[in-house]
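Trainee: Sharing input_20.cif, mmCIF, C-alpha atoms and all ligand atoms:
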```cif
data_data
#
loop_
_atom_site.label_atom_id
_atom_site.label_comp_id
_atom_site.auth_asym_id
_atom_site.auth_seq_id
_atom_site.Cartn_x
_atom_site.Cartn_y
_atom_site.Cartn_z
CA MET A 2 -3.02 -16.05 28.82
CA GLN A 3 -5.38 -15.00 26.00
CA PRO A 4 -6.05 -11.26 25.58
CA ASP A 5 -9.65 -10.01 25.91
CA ILE A 6 -9.66 -8.50 22.43
CA THR A 7 -8.55 -10.02 19.14
CA ARG A 8 -6.27 -7.58 17.35
CA SER A 9 -6.93 -7.05 13.63
CA VAL A 10 -3.85 -7.01 11.39
CA ALA A 11 -3.21 -5.60 7.91
CA LEU A 12 -0.18 -7.43 6.51
CA LEU A 13 1.78 -5.87 3.65
CA GLY A 14 4.37 -8.04 1.91
CA SER A 15 2.59 -11.17 3.11
CA THR A 16 4.37 -13.52 0.69
CA GLY A 17 7.89 -12.50 1.76
CA SER A 18 10.15 -13.62 4.55
CA ILE A 19 8.68 -11.22 7.15
CA GLY A 20 5.12 -11.74 5.86
CA THR A 21 5.17 -15.55 6.05
CA GLN A 22 6.75 -15.48 9.51
CA ALA A 23 4.08 -13.01 10.66
CA LEU A 24 1.40 -15.38 9.39
CA ASP A 25 3.05 -18.20 11.33
CA VAL A 26 2.78 -16.10 14.52
CA ILE A 27 -0.86 -15.25 13.70
CA SER A 28 -1.87 -18.85 12.88
CA ARG A 29 -0.48 -20.01 16.22
CA ASN A 30 -2.43 -17.30 18.06
CA PRO A 31 -5.94 -17.29 16.52
CA GLY A 32 -7.60 -15.75 19.59
CA ARG A 33 -5.09 -12.92 19.66
CA PHE A 34 -4.83 -11.86 16.01
CA ARG A 35 -7.10 -11.77 12.95
CA VAL A 36 -5.95 -10.86 9.43
CA VAL A 37 -8.14 -8.20 7.76
CA ALA A 38 -5.92 -7.25 4.80
CA LEU A 39 -3.14 -8.91 2.80
CA ALA A 40 -0.95 -7.19 0.21
CA ALA A 41 1.99 -8.32 -1.93
CA GLY A 42 3.81 -7.42 -5.12
CA GLY A 43 2.10 -9.95 -7.38
CA GLY A 44 5.07 -12.25 -8.01
CA ARG A 45 3.61 -15.17 -6.00
CA VAL A 46 -0.15 -15.11 -6.56
CA ASP A 47 -0.67 -18.80 -5.73
CA LEU A 48 0.86 -18.30 -2.31
CA LEU A 49 -1.12 -15.08 -1.81
CA ALA A 50 -4.35 -16.90 -2.69
CA ARG A 51 -3.54 -19.76 -0.31
CA GLN A 52 -2.90 -17.22 2.43
CA ALA A 53 -6.25 -15.54 1.68
CA ALA A 54 -8.02 -18.91 1.83
CA GLU A 55 -6.42 -19.77 5.17
CA PHE A 56 -6.72 -16.39 6.92
CA GLY A 57 -9.93 -14.99 5.37
CA PRO A 58 -9.02 -11.28 5.04
CA ASP A 59 -11.63 -8.72 3.95
CA VAL A 60 -9.31 -7.41 1.24
CA VAL A 61 -6.34 -8.59 -0.84
CA ALA A 62 -4.11 -6.20 -2.81
CA VAL A 63 -1.41 -6.74 -5.44
CA ALA A 64 0.98 -4.00 -6.53
CA ASP A 65 1.23 -5.34 -10.09
CA PRO A 66 -2.17 -4.93 -11.80
CA ALA A 67 -1.14 -7.54 -14.41
CA ALA A 68 -1.21 -10.17 -11.65
CA LEU A 69 -4.90 -9.53 -10.91
CA PRO A 70 -6.46 -12.07 -13.36
CA ASP A 71 -4.23 -14.89 -12.07
CA LEU A 72 -4.99 -13.90 -8.49
CA ARG A 73 -8.73 -13.86 -9.19
CA ARG A 74 -8.48 -17.36 -10.73
CA ALA A 75 -6.40 -18.70 -7.85
CA LEU A 76 -8.82 -17.29 -5.27
CA ALA A 77 -11.80 -18.80 -7.11
CA GLY A 78 -9.94 -22.14 -7.03
CA HIS A 79 -9.93 -21.88 -3.24
CA GLY A 80 -13.57 -20.80 -3.14
CA VAL A 81 -12.91 -17.41 -1.53
CA SER A 82 -13.77 -13.93 -2.81
CA PRO A 83 -12.28 -11.09 -0.76
CA LYS A 84 -12.43 -7.54 -2.11
CA LEU A 85 -9.55 -7.16 -4.60
CA LEU A 86 -7.35 -4.10 -5.06
CA ALA A 87 -4.51 -3.55 -7.53
CA GLY A 88 -1.66 -1.17 -8.21
CA PRO A 89 0.34 0.89 -5.73
CA GLU A 90 -2.88 2.75 -4.81
CA GLY A 91 -4.50 -0.60 -4.03
CA VAL A 92 -1.64 -1.52 -1.70
CA ALA A 93 -1.92 1.92 -0.05
CA GLU A 94 -5.67 1.34 0.42
CA ALA A 95 -4.89 -2.00 2.10
CA ALA A 96 -2.39 -0.17 4.34
CA ALA A 97 -5.10 2.26 5.43
CA TRP A 98 -7.76 -0.49 5.80
CA PRO A 99 -9.37 -0.36 9.26
CA SER A 100 -7.12 -2.44 11.50
CA ASP A 101 -5.52 -2.35 14.93
CA VAL A 102 -2.03 -2.74 13.54
CA VAL A 103 -0.41 -2.62 10.09
CA LEU A 104 2.73 -4.68 9.52
CA ASN A 105 4.75 -3.24 6.64
CA GLY A 106 6.91 -6.11 5.35
CA VAL A 107 7.31 -4.73 1.83
CA THR A 108 10.92 -4.63 0.67
CA GLY A 109 12.77 -1.47 -0.33
CA ALA A 110 11.87 2.16 -0.96
CA LEU A 111 8.58 0.99 -2.50
CA GLY A 112 7.32 0.62 1.06
CA LEU A 113 7.20 4.39 1.63
CA THR A 114 3.68 4.84 0.19
CA SER A 115 2.31 2.14 2.48
CA THR A 116 4.04 3.56 5.55
CA LEU A 117 2.62 7.01 4.84
CA ALA A 118 -0.86 5.64 4.04
CA ALA A 119 -0.98 3.66 7.30
CA LEU A 120 0.20 6.58 9.43
CA GLU A 121 -2.07 9.09 7.68
CA ALA A 122 -5.00 6.79 8.46
CA GLY A 123 -3.95 6.89 12.13
CA ARG A 124 -2.97 3.22 12.30
CA VAL A 125 -0.36 1.68 14.58
CA LEU A 126 2.51 0.74 12.28
CA ALA A 127 4.76 -2.26 12.94
CA LEU A 128 7.66 -1.37 10.69
CA ALA A 129 9.86 -4.02 9.10
CA ASN A 130 10.30 -1.85 6.01
CA LYS A 131 13.08 0.28 7.53
CA GLU A 132 13.74 1.88 4.14
CA SER A 133 10.56 3.96 4.35
CA LEU A 134 11.58 5.50 7.68
CA ILE A 135 15.14 6.08 6.50
CA ILE A 136 14.24 7.76 3.22
CA GLY A 137 11.10 9.47 4.53
CA GLY A 138 12.84 10.61 7.74
CA PRO A 139 11.13 13.78 8.99
CA LEU A 140 8.06 13.12 6.85
CA VAL A 141 7.40 9.76 8.50
CA LYS A 142 8.26 11.01 11.96
CA ARG A 143 5.86 13.94 11.65
CA LEU A 144 2.99 11.58 10.84
CA ALA A 145 3.84 9.00 13.50
CA LYS A 146 1.98 9.87 16.69
CA PRO A 147 3.78 8.82 19.91
CA GLY A 148 3.73 5.06 20.42
CA ARG A 149 2.34 4.38 16.94
CA LEU A 150 5.60 3.41 15.20
CA LEU A 151 6.86 0.06 16.43
CA PRO A 152 10.14 -1.41 15.19
CA VAL A 153 10.20 -4.95 13.80
CA ASP A 154 13.91 -5.04 13.01
CA SER A 155 15.35 -7.33 15.69
CA GLU A 156 18.02 -4.77 16.66
CA HIS A 157 15.52 -1.97 17.19
CA ALA A 158 13.05 -4.22 18.98
CA ALA A 159 15.99 -5.11 21.23
CA LEU A 160 16.90 -1.45 21.78
CA ALA A 161 13.28 -0.61 22.62
CA GLN A 162 13.19 -3.44 25.17
CA CYS A 163 16.51 -2.35 26.70
CA LEU A 164 15.23 1.22 26.96
CA TRP A 165 12.15 0.06 28.90
CA ALA A 166 14.65 -1.32 31.38
CA ALA A 167 15.71 2.27 32.05
CA GLY A 168 13.17 2.55 34.83
CA PRO A 169 9.54 2.31 35.82
CA THR A 170 8.68 5.61 34.16
CA GLY A 171 10.01 4.45 30.80
CA PRO A 172 12.95 5.53 28.69
CA ASP A 173 14.81 8.59 29.93
CA ALA A 174 17.11 9.87 27.16
CA SER A 175 19.40 11.60 29.65
CA ALA A 176 20.14 8.22 31.29
CA VAL A 177 21.37 6.73 28.00
CA ARG A 178 25.05 6.99 27.16
CA ARG A 179 24.99 5.04 23.90
CA LEU A 180 23.12 2.52 21.79
CA VAL A 181 25.14 -0.52 20.74
CA VAL A 182 23.75 -2.14 17.60
CA THR A 183 24.97 -5.69 17.01
CA ALA A 184 25.85 -7.04 13.55
CA SER A 185 26.43 -10.68 12.60
CA GLY A 186 29.16 -9.49 10.25
CA GLY A 187 27.56 -11.45 7.39
CA PRO A 188 29.12 -14.31 5.41
CA PHE A 189 32.37 -12.42 4.71
CA ARG A 190 33.22 -11.40 8.27
CA GLY A 191 36.96 -11.44 8.86
CA ARG A 192 37.91 -11.06 5.20
CA PRO A 193 40.05 -8.07 4.22
CA ARG A 194 38.86 -5.92 1.32
CA SER A 195 41.37 -7.63 -1.01
CA GLN A 196 39.49 -10.92 -0.60
CA LEU A 197 36.06 -9.55 -1.40
CA ALA A 198 36.49 -8.82 -5.13
CA ASP A 199 35.55 -12.31 -6.32
CA VAL A 200 32.67 -13.22 -4.04
CA THR A 201 29.61 -14.50 -5.89
CA PRO A 202 25.90 -13.75 -5.44
CA GLU A 203 25.43 -17.34 -4.19
CA GLN A 204 28.00 -16.74 -1.46
CA ALA A 205 26.50 -13.37 -0.56
CA LEU A 206 23.00 -14.90 -0.36
CA ALA A 207 24.14 -17.56 2.15
CA HIS A 208 23.70 -15.67 5.43
CA PRO A 209 25.24 -17.51 8.39
CA THR A 210 22.51 -16.86 10.97
CA TRP A 211 19.37 -15.32 9.38
CA SER A 212 17.08 -16.51 6.57
CA MET A 213 15.71 -13.38 4.83
CA GLY A 214 14.68 -11.96 1.46
CA PRO A 215 17.43 -11.43 -1.16
CA VAL A 216 17.91 -7.65 -0.86
CA ILE A 217 18.35 -7.58 2.91
CA THR A 218 20.59 -10.67 2.71
CA VAL A 219 22.99 -8.94 0.30
CA ASN A 220 22.71 -5.79 2.44
CA SER A 221 23.80 -7.87 5.43
CA ALA A 222 26.83 -9.12 3.51
CA THR A 223 27.91 -5.57 2.53
CA LEU A 224 26.90 -4.20 5.97
CA VAL A 225 24.64 -1.67 4.18
CA ASN A 226 21.84 -3.18 6.26
CA LYS A 227 23.74 -2.20 9.41
CA GLY A 228 24.25 1.29 7.99
CA LEU A 229 20.51 1.57 7.37
CA GLU A 230 19.89 0.33 10.90
CA VAL A 231 22.15 2.98 12.42
CA ILE A 232 20.07 5.65 10.65
CA GLU A 233 16.88 3.85 11.74
CA ALA A 234 18.07 3.83 15.38
CA HIS A 235 18.85 7.54 15.20
CA LEU A 236 15.38 8.30 13.84
CA LEU A 237 13.48 6.00 16.19
CA PHE A 238 15.23 6.88 19.44
CA ASP A 239 16.49 10.46 18.80
CA ILE A 240 20.08 9.59 19.73
CA GLY A 241 22.97 11.31 17.90
CA PHE A 242 25.14 9.31 15.49
CA ASP A 243 28.15 9.81 17.78
CA ARG A 244 26.27 7.82 20.43
CA ILE A 245 25.33 4.84 18.23
CA ASP A 246 28.00 2.13 18.00
CA VAL A 247 28.09 -1.02 15.89
CA VAL A 248 29.71 -4.16 17.26
CA VAL A 249 30.13 -7.46 15.42
CA HIS A 250 28.52 -10.40 17.23
CA PRO A 251 28.60 -13.43 14.90
CA GLN A 252 26.19 -15.59 16.92
CA SER A 253 23.27 -13.11 16.47
CA VAL A 254 21.86 -13.90 19.93
CA VAL A 255 22.37 -10.51 21.55
CA HIS A 256 20.26 -8.33 19.27
CA SER A 257 21.49 -4.96 20.59
CA MET A 258 22.33 -3.20 23.84
CA VAL A 259 21.92 0.09 25.64
CA GLU A 260 24.71 1.53 27.76
CA PHE A 261 23.50 3.82 30.54
CA VAL A 262 25.36 6.76 32.08
CA ASP A 263 26.25 4.78 35.22
CA GLY A 264 28.18 2.26 33.09
CA SER A 265 25.51 -0.44 33.12
CA VAL A 266 24.77 -2.22 29.84
CA VAL A 267 21.38 -3.86 29.22
CA ALA A 268 21.21 -6.41 26.39
CA GLN A 269 18.33 -8.35 24.83
CA ALA A 270 19.12 -11.96 23.93
CA SER A 271 17.21 -14.67 22.09
CA PRO A 272 18.14 -17.13 19.32
CA PRO A 273 17.91 -15.50 15.86
CA ASP A 274 14.22 -15.77 14.97
CA MET A 275 12.24 -12.85 13.52
CA ARG A 276 8.99 -14.24 14.92
CA LEU A 277 9.92 -12.77 18.29
CA PRO A 278 10.19 -9.10 17.23
CA ILE A 279 7.24 -9.56 14.84
CA ALA A 280 5.06 -10.92 17.67
CA LEU A 281 6.21 -8.17 20.02
CA ALA A 282 5.25 -5.46 17.52
CA LEU A 283 1.90 -7.09 16.66
CA GLY A 284 0.97 -7.70 20.28
CA TRP A 285 2.45 -4.52 21.72
CA PRO A 286 2.62 -3.79 24.63
CA GLU A 287 1.84 -7.41 25.54
CA ARG A 288 4.26 -10.26 24.92
CA VAL A 289 3.00 -13.24 22.94
CA PRO A 290 3.76 -16.42 24.92
CA GLY A 291 5.96 -18.90 23.02
CA ALA A 292 6.46 -16.54 20.06
CA ALA A 293 9.89 -18.08 19.40
CA PRO A 294 12.27 -20.46 21.17
CA SER A 295 14.39 -18.93 23.95
CA VAL A 296 18.07 -19.54 24.75
CA ASP A 297 18.70 -23.10 25.92
CA TRP A 298 20.59 -22.55 29.19
CA THR A 299 21.29 -26.28 29.63
CA ARG A 300 23.87 -26.01 26.81
CA ALA A 301 27.19 -24.17 26.82
CA HIS A 302 27.26 -20.99 24.72
CA THR A 303 30.00 -18.67 23.60
CA TRP A 304 28.99 -15.16 22.60
CA THR A 305 31.73 -13.06 21.09
CA PHE A 306 31.97 -9.36 20.22
CA GLU A 307 34.51 -7.69 17.96
CA PRO A 308 34.93 -4.27 16.36
CA LEU A 309 33.74 -3.66 12.82
CA ASP A 310 36.40 -3.55 10.05
CA ASP A 311 35.48 -0.19 8.48
CA GLU A 312 38.02 -0.61 5.68
CA ALA A 313 36.60 -3.88 4.34
CA PHE A 314 33.02 -2.77 5.10
CA PRO A 315 32.76 1.01 4.60
CA ALA A 316 28.94 0.96 4.39
CA VAL A 317 28.34 1.86 8.04
CA ALA A 318 30.66 4.90 7.98
CA LEU A 319 28.98 6.02 4.76
CA ALA A 320 25.55 5.62 6.39
CA ARG A 321 26.64 7.77 9.34
CA HIS A 322 27.75 10.39 6.83
CA VAL A 323 24.43 10.43 4.92
CA GLY A 324 22.43 10.17 8.15
CA SER A 325 24.22 13.20 9.59
CA ALA A 326 23.74 15.12 6.32
CA GLY A 327 20.00 14.31 6.53
CA GLY A 328 17.51 15.66 3.96
CA THR A 329 17.62 13.66 0.75
CA ALA A 330 21.01 12.01 1.48
CA PRO A 331 19.63 8.81 3.10
CA ALA A 332 17.19 8.33 0.20
CA VAL A 333 20.09 8.57 -2.26
CA TYR A 334 22.15 6.05 -0.26
CA ASN A 335 19.26 3.60 -0.17
CA ALA A 336 18.15 3.97 -3.80
CA ALA A 337 21.68 3.72 -5.22
CA ASN A 338 22.21 0.63 -3.09
CA GLU A 339 19.01 -1.05 -4.36
CA VAL A 340 20.20 -0.57 -7.96
CA CYS A 341 23.71 -1.81 -7.12
CA VAL A 342 22.38 -4.93 -5.38
CA GLU A 343 20.33 -5.72 -8.49
CA ALA A 344 23.45 -5.23 -10.65
CA PHE A 345 25.53 -7.44 -8.34
CA LEU A 346 22.91 -10.22 -8.35
CA ALA A 347 22.78 -10.01 -12.17
CA GLY A 348 26.58 -10.41 -12.32
CA ARG A 349 27.16 -6.87 -13.60
CA LEU A 350 28.97 -5.48 -10.56
CA PRO A 351 31.64 -6.97 -8.28
CA PHE A 352 30.78 -7.17 -4.59
CA PRO A 353 32.98 -4.23 -3.41
CA GLY A 354 31.54 -2.23 -6.33
CA ILE A 355 28.17 -2.08 -4.52
CA VAL A 356 29.28 0.27 -1.74
CA ASP A 357 31.92 2.00 -3.90
CA THR A 358 29.21 2.94 -6.41
CA VAL A 359 26.81 4.03 -3.66
CA ALA A 360 29.61 6.26 -2.29
CA SER A 361 30.15 7.81 -5.76
CA VAL A 362 26.45 8.53 -6.20
CA VAL A 363 26.25 10.01 -2.68
CA SER A 364 29.28 12.22 -3.33
CA GLU A 365 27.71 13.62 -6.53
CA HIS A 366 24.42 14.44 -4.84
CA SER A 367 23.54 17.95 -3.65
CA VAL A 368 21.51 17.38 -0.51
CA THR A 369 18.17 19.17 -0.27
CA ALA A 370 15.32 19.03 2.24
CA ALA A 371 13.13 15.91 2.26
CA GLU A 372 9.97 17.52 3.59
CA THR A 373 7.59 16.25 0.91
CA VAL A 374 7.04 12.88 -0.78
CA ALA A 375 7.92 14.50 -4.13
CA GLU A 376 11.30 15.67 -2.81
CA VAL A 377 12.10 12.18 -1.49
CA LEU A 378 10.98 10.43 -4.67
CA ASP A 379 12.89 12.88 -6.91
CA ALA A 380 16.11 12.17 -4.99
CA ASP A 381 15.36 8.44 -5.10
CA GLU A 382 14.83 8.55 -8.87
CA TRP A 383 17.94 10.67 -9.51
CA ALA A 384 20.06 8.22 -7.51
CA ARG A 385 18.65 5.21 -9.37
CA ILE A 386 19.37 6.79 -12.75
CA ARG A 387 22.91 7.74 -11.74
CA ALA A 388 23.60 4.32 -10.19
CA ARG A 389 22.31 2.61 -13.37
CA GLU A 390 24.65 4.76 -15.47
CA LEU A 391 27.61 3.90 -13.25
CA THR A 392 26.83 0.18 -13.07
CA ALA A 393 26.25 -0.02 -16.84
CA THR A 394 29.85 1.04 -17.37
CA ALA A 395 31.34 -0.86 -14.42
N1 LIG B 1 13.53 -10.94 6.33
C1 LIG B 1 13.94 -10.57 7.51
O1 LIG B 1 14.30 -11.39 8.36
C2 LIG B 1 13.99 -9.10 7.85
C3 LIG B 1 14.52 -8.70 9.08
C4 LIG B 1 14.50 -7.35 9.43
C5 LIG B 1 13.96 -6.41 8.55
N2 LIG B 1 13.47 -6.84 7.35
C6 LIG B 1 12.92 -5.84 6.43
O2 LIG B 1 11.60 -6.24 6.08
C7 LIG B 1 11.30 -5.85 4.75
C8 LIG B 1 10.88 -7.10 3.96
O3 LIG B 1 11.99 -7.98 3.87
P1 LIG B 1 11.81 -9.47 3.41
O4 LIG B 1 13.11 -10.13 3.70
O5 LIG B 1 10.57 -10.06 4.00
O6 LIG B 1 11.64 -9.29 1.83
P2 LIG B 1 11.10 -10.35 0.76
O7 LIG B 1 11.20 -11.74 1.29
O8 LIG B 1 11.78 -10.04 -0.52
O9 LIG B 1 9.53 -10.01 0.65
C9 LIG B 1 9.08 -8.79 0.13
C10 LIG B 1 7.57 -8.74 0.12
O10 LIG B 1 7.17 -7.49 -0.44
C11 LIG B 1 6.22 -7.74 -1.49
N3 LIG B 1 6.26 -6.65 -2.44
C12 LIG B 1 7.18 -6.39 -3.40
N4 LIG B 1 6.85 -5.24 -4.05
C13 LIG B 1 5.71 -4.78 -3.46
C14 LIG B 1 4.89 -3.65 -3.66
N5 LIG B 1 5.16 -2.76 -4.62
N6 LIG B 1 3.79 -3.50 -2.87
C15 LIG B 1 3.49 -4.41 -1.91
N7 LIG B 1 4.24 -5.51 -1.67
C16 LIG B 1 5.33 -5.68 -2.45
C17 LIG B 1 6.65 -9.08 -2.06
O11 LIG B 1 5.59 -9.63 -2.83
P3 LIG B 1 5.86 -10.72 -4.03
O12 LIG B 1 6.11 -12.01 -3.33
O13 LIG B 1 4.59 -10.71 -4.76
O14 LIG B 1 7.02 -10.21 -4.81
C18 LIG B 1 6.92 -9.82 -0.75
O15 LIG B 1 5.70 -10.22 -0.16
C19 LIG B 1 12.56 -5.17 4.21
O16 LIG B 1 12.45 -3.79 4.39
C20 LIG B 1 13.67 -5.71 5.11
O17 LIG B 1 14.75 -4.82 5.21
C21 LIG B 1 13.48 -8.15 6.99
#
```
Can you give me the file's structure in the form of C-alpha cells?

Mentor:
Amino acid sequence: MQPDITRSVALLGSTGSIGTQALDVISRNPGRFRVVALAAGGGRVDLLARQAAEFGPDVVAVADPAALPDLRRALAGHGVSPKLLAGPEGVAEAAAWPSDVVLNGVTGALGLTSTLAALEAGRVLALANKESLIIGGPLVKRLAKPGRLLPVDSEHAALAQCLWAAGPTGPDASAVRRLVVTASGGPFRGRPRSQLADVTPEQALAHPTWSMGPVITVNSATLVNKGLEVIEAHLLFDIGFDRIDVVVHPQSVVHSMVEFVDGSVVAQASPPDMRLPIALALGWPERVPGAAPSVDWTRAHTWTFEPLDDEAFPAVALARHVGSAGGTAPAVYNAANEVCVEAFLAGRLPFPGIVDTVASVVSEHSVTAAETVAEVLDADEWARIRARELTATA
C-alpha cells in the first residue's frame, strides 16, 4: 500500500554503510520517500555525485571543504547542479534543511553537530549515529520533542517494537522488568582474554553477521559497540542500568527483547539486515512493505543465547560505569575509544589495549556536567589528547 504523502528525507553520511542502505530502501520506494539533502565527509566524492545524480536532492554537503572542487567537477560530469555546502557548518545546514525526516548516518562523535542542528530545527531525527546521543546525553534529550527521536540501531528499533507490544495504549514503563540487548559476540566470541593479544585488524574487521563501516565493526569485536548501545538504551527508554542486560546471540536474528513484570518476554526477530530498522525509522509509524527479507520458516533454525564473558570483553561493564556516572564520562569513553580504534587499525595498539586504554583514560577523568556543547566537546578533546599520549607510548 502506497502512503498518501511522499516523505522528504535529509540523509547525512550518505556514502557510508547506513547511507547506502538507506538509499537502497528509498530507491525501492519512490512514491514513499524523496531525498532533499545529501551529506558526507568528502572521502568519496564520485559516489556522492552519483547519488546526487540518481536522487536529485536540493542540496549536497561535504564536511571537508577541500573536497568541494572535485565534487563540483563530478556533479557537472553528471549534468546536475544542486546547491553545494561545505565544512561542518554546511553539513549542519543540510541537517536542518526542510525535510520530514533526517537520517544521521555519520560515524562517530562528529555526528553531534548534525544531531543538534536537526533537532534544533524541529526535525524528526532517525538516529544511526548513536555516539551523538551518548556523548550529548541530556543536551540531545532536552532538544528531542516526544516522538521525534527514532532509533536506527537494530537493537533499539527492536526494543521500541517490543515496547509497543506492551499494550494498546503504548509503552508503560511500570510494566517493564528489564530490557535484554542482544550481541552477536563479534568475531572473537568464545576466546578467553589470553587469546586476544595477537588478533589483527583484518580479523577484527571480519564481522560474522553484519557488514558495517570500520569503526563500528571494530567496536563490535571489542564489545564497545554493545557498551555504547547499553547507554543508548538507557537514554532512549529511561530504564536504569541495573535493568538493562546484555546476552550473546551469535545468529543476530533476535535483535533484542523486553521482559515484562508478569514474566513474559517479547522479542523482535528478522535476519540481520539494517534496511529493516532504517525503513522503520524513515517510514515511522508505518512499516515499509518488503523492506528486508523475513525469517524463512520452511528451514530449520537454531537460535542460541549465552552470557557475556565480562573478563575477556570488559567494555560493557565499563560502559555501565560511565553511563551511571553520566555528565562528561560517556563522551570520554567514546572519544578515547575512537582514538584507540584508529591506533589499533594502524597497528600501534594490540586489540586488548583498546579497552584497557579507554579504561585508563576514563579513570583519569574528573566527571563534570555535560549541559552545553562546549562542555561535551572539551571532554571529548581532553580524552582524545590523553588517549593519543597513551597509545603513542603503548
Ligand atoms: N553500519 C551499520 O550497519 C550500523 C548499524 C547500527 C548503527 N550504525 C551507526 O551508524 C553510524 C554510521 O556507521 P557506518 O557503518 O555507516 O559508517 P561508515 O560506513 O564509516 O560511513 C560514515 C559516513 O559518514 C560520513 N562522514 C564522515 N565524516 C563526516 C562528517 N564530518 N560530516 C558528515 N559526514 C561525514 C562518511 O563520508 P565519506 O564517505 O565521505 O567519508 C560516510 O558517508 C555510526 O554511528 C554507527 O555506529 C551503523

Trainee: Could you produce a table of the residues of segment 27-62 of chain A lying within 12 Å of segment 273-280 of chain A, with the nearest pair of atoms per residue and their separation in Å rounded to one decimal, using all atoms listed in the file, ordered by chain and increasing residue number, as JSON lines?

Mentor:
```
{"residue": "A:Ile27", "atom": "CA", "partner": "A:Ala280", "partner_atom": "CA", "distance": 8.3}
{"residue": "A:Ser28", "atom": "CA", "partner": "A:Ala280", "partner_atom": "CA", "distance": 11.6}
{"residue": "A:Arg29", "atom": "CA", "partner": "A:Ala280", "partner_atom": "CA", "distance": 10.7}
{"residue": "A:Asn30", "atom": "CA", "partner": "A:Ala280", "partner_atom": "CA", "distance": 9.8}
{"residue": "A:Arg33", "atom": "CA", "partner": "A:Ala280", "partner_atom": "CA", "distance": 10.5}
{"residue": "A:Phe34", "atom": "CA", "partner": "A:Ala280", "partner_atom": "CA", "distance": 10.1}
```

Trainee: Do you know which residues are within 7 Å of ligand LIG 1 (chain B) using only C-alpha atoms and all ligand atoms? Can you write them as JSON, numbers by chain?

Mentor: {"A": [13, 14, 15, 16, 17, 18, 19, 20, 40, 41, 42, 43, 44, 45, 46, 63, 64, 89, 92, 106, 107, 108, 109, 111, 112, 129, 130, 131, 132, 153, 154, 155, 211, 212, 213, 214, 215, 216, 217, 275]}

Trainee: Nearest residue to Gly187 of chain A out of A:Asn226, A:Ser9, A:Thr303, A:Gln162, using only C-alpha atoms?

Mentor: A:Asn226

Trainee: Please give the centre and size of the box around segment 95-107 of chain A (axis-aligned, containing every atom listed in the file, 8 Å added per side), with values in Å to one decimal and written as AutoDock Vina command-line options.

Mentor:
```
--center_x -1.0 --center_y -1.9 --center_z 8.4 --size_x 32.7 --size_y 24.4 --size_z 29.1
```

Trainee: May I ask for the distance between atom CA of Ala184 of chain A and atom CA of Thr201 of chain A, given in Å to one decimal place?

Mentor: 21.2 Å

Trainee: Check which residues of segment 159-266 of chain A sit at most 12 Å from segment 328-350 of chain A using only C-alpha atoms, and return one row each with the closest pair of atoms and their distance in Å to one decimal, ordered by chain and rising number, as JSON lines.

Mentor:
```
{"residue": "A:Ala198", "atom": "CA", "partner": "A:Leu350", "partner_atom": "CA", "distance": 9.9}
{"residue": "A:Asp199", "atom": "CA", "partner": "A:Leu350", "partner_atom": "CA", "distance": 10.4}
{"residue": "A:Val200", "atom": "CA", "partner": "A:Phe345", "partner_atom": "CA", "distance": 10.1}
{"residue": "A:Thr201", "atom": "CA", "partner": "A:Gly348", "partner_atom": "CA", "distance": 8.2}
{"residue": "A:Pro202", "atom": "CA", "partner": "A:Leu346", "partner_atom": "CA", "distance": 5.5}
{"residue": "A:Glu203", "atom": "CA", "partner": "A:Leu346", "partner_atom": "CA", "distance": 8.6}
{"residue": "A:Gln204", "atom": "CA", "partner": "A:Leu346", "partner_atom": "CA", "distance": 10.8}
{"residue": "A:Ala205", "atom": "CA", "partner": "A:Leu346", "partner_atom": "CA", "distance": 9.1}
{"residue": "A:Leu206", "atom": "CA", "partner": "A:Leu346", "partner_atom": "CA", "distance": 9.3}
{"residue": "A:Pro215", "atom": "CA", "partner": "A:Leu346", "partner_atom": "CA", "distance": 9.1}
{"residue": "A:Val216", "atom": "CA", "partner": "A:Val342", "partner_atom": "CA", "distance": 6.9}
{"residue": "A:Ile217", "atom": "CA", "partner": "A:Val342", "partner_atom": "CA", "distance": 9.6}
{"residue": "A:Thr218", "atom": "CA", "partner": "A:Val342", "partner_atom": "CA", "distance": 10.1}
{"residue": "A:Val219", "atom": "CA", "partner": "A:Val342", "partner_atom": "CA", "distance": 7.0}
{"residue": "A:Asn220", "atom": "CA", "partner": "A:Val342", "partner_atom": "CA", "distance": 7.9}
{"residue": "A:Ser221", "atom": "CA", "partner": "A:Val342", "partner_atom": "CA", "distance": 11.3}
{"residue": "A:Ala222", "atom": "CA", "partner": "A:Val342", "partner_atom": "CA", "distance": 10.8}
{"residue": "A:Thr223", "atom": "CA", "partner": "A:Val342", "partner_atom": "CA", "distance": 9.7}
{"residue": "A:Leu224", "atom": "CA", "partner": "A:Asn338", "partner_atom": "CA", "distance": 11.3}
{"residue": "A:Val225", "atom": "CA", "partner": "A:Asn338", "partner_atom": "CA", "distance": 8.0}
{"residue": "A:Asn226", "atom": "CA", "partner": "A:Asn335", "partner_atom": "CA", "distance": 9.7}
{"residue": "A:Gly228", "atom": "CA", "partner": "A:Tyr334", "partner_atom": "CA", "distance": 9.8}
{"residue": "A:Leu229", "atom": "CA", "partner": "A:Asn335", "partner_atom": "CA", "distance": 7.9}
{"residue": "A:Glu230", "atom": "CA", "partner": "A:Pro331", "partner_atom": "CA", "distance": 11.5}
{"residue": "A:Val231", "atom": "CA", "partner": "A:Pro331", "partner_atom": "CA", "distance": 11.3}
{"residue": "A:Ile232", "atom": "CA", "partner": "A:Pro331", "partner_atom": "CA", "distance": 8.2}
{"residue": "A:Glu233", "atom": "CA", "partner": "A:Pro331", "partner_atom": "CA", "distance": 10.3}
{"residue": "A:Leu236", "atom": "CA", "partner": "A:Pro331", "partner_atom": "CA", "distance": 11.6}
```

Trainee: What is the distance, in Å and to one decimal place, between atom CA of Leu151 of chain A and atom CA of Arg124 of chain A?

Mentor: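 For atom CA of Leu151 of chain A relative to atom CA of Arg124 of chain A, the distance reads 11.1 Å.
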
Trainee: Would you kindly return, as a PyMOL selection string, each protein, DNA or RNA residue with an atom no farther than 8 Å from any atom of Gln252 of chain A, considering all atoms listed in the file and excluding same-chain residues fewer than 5 positions away?

Mentor: chain A and resi 185+210+304-305

Trainee: Would you work out the distance separating atom CA of Ala292 of chain A from atom CA of Pro152 of chain A, expressed in Å to one decimal?

Mentor: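 Interatomic distance here is 16.3 Å.
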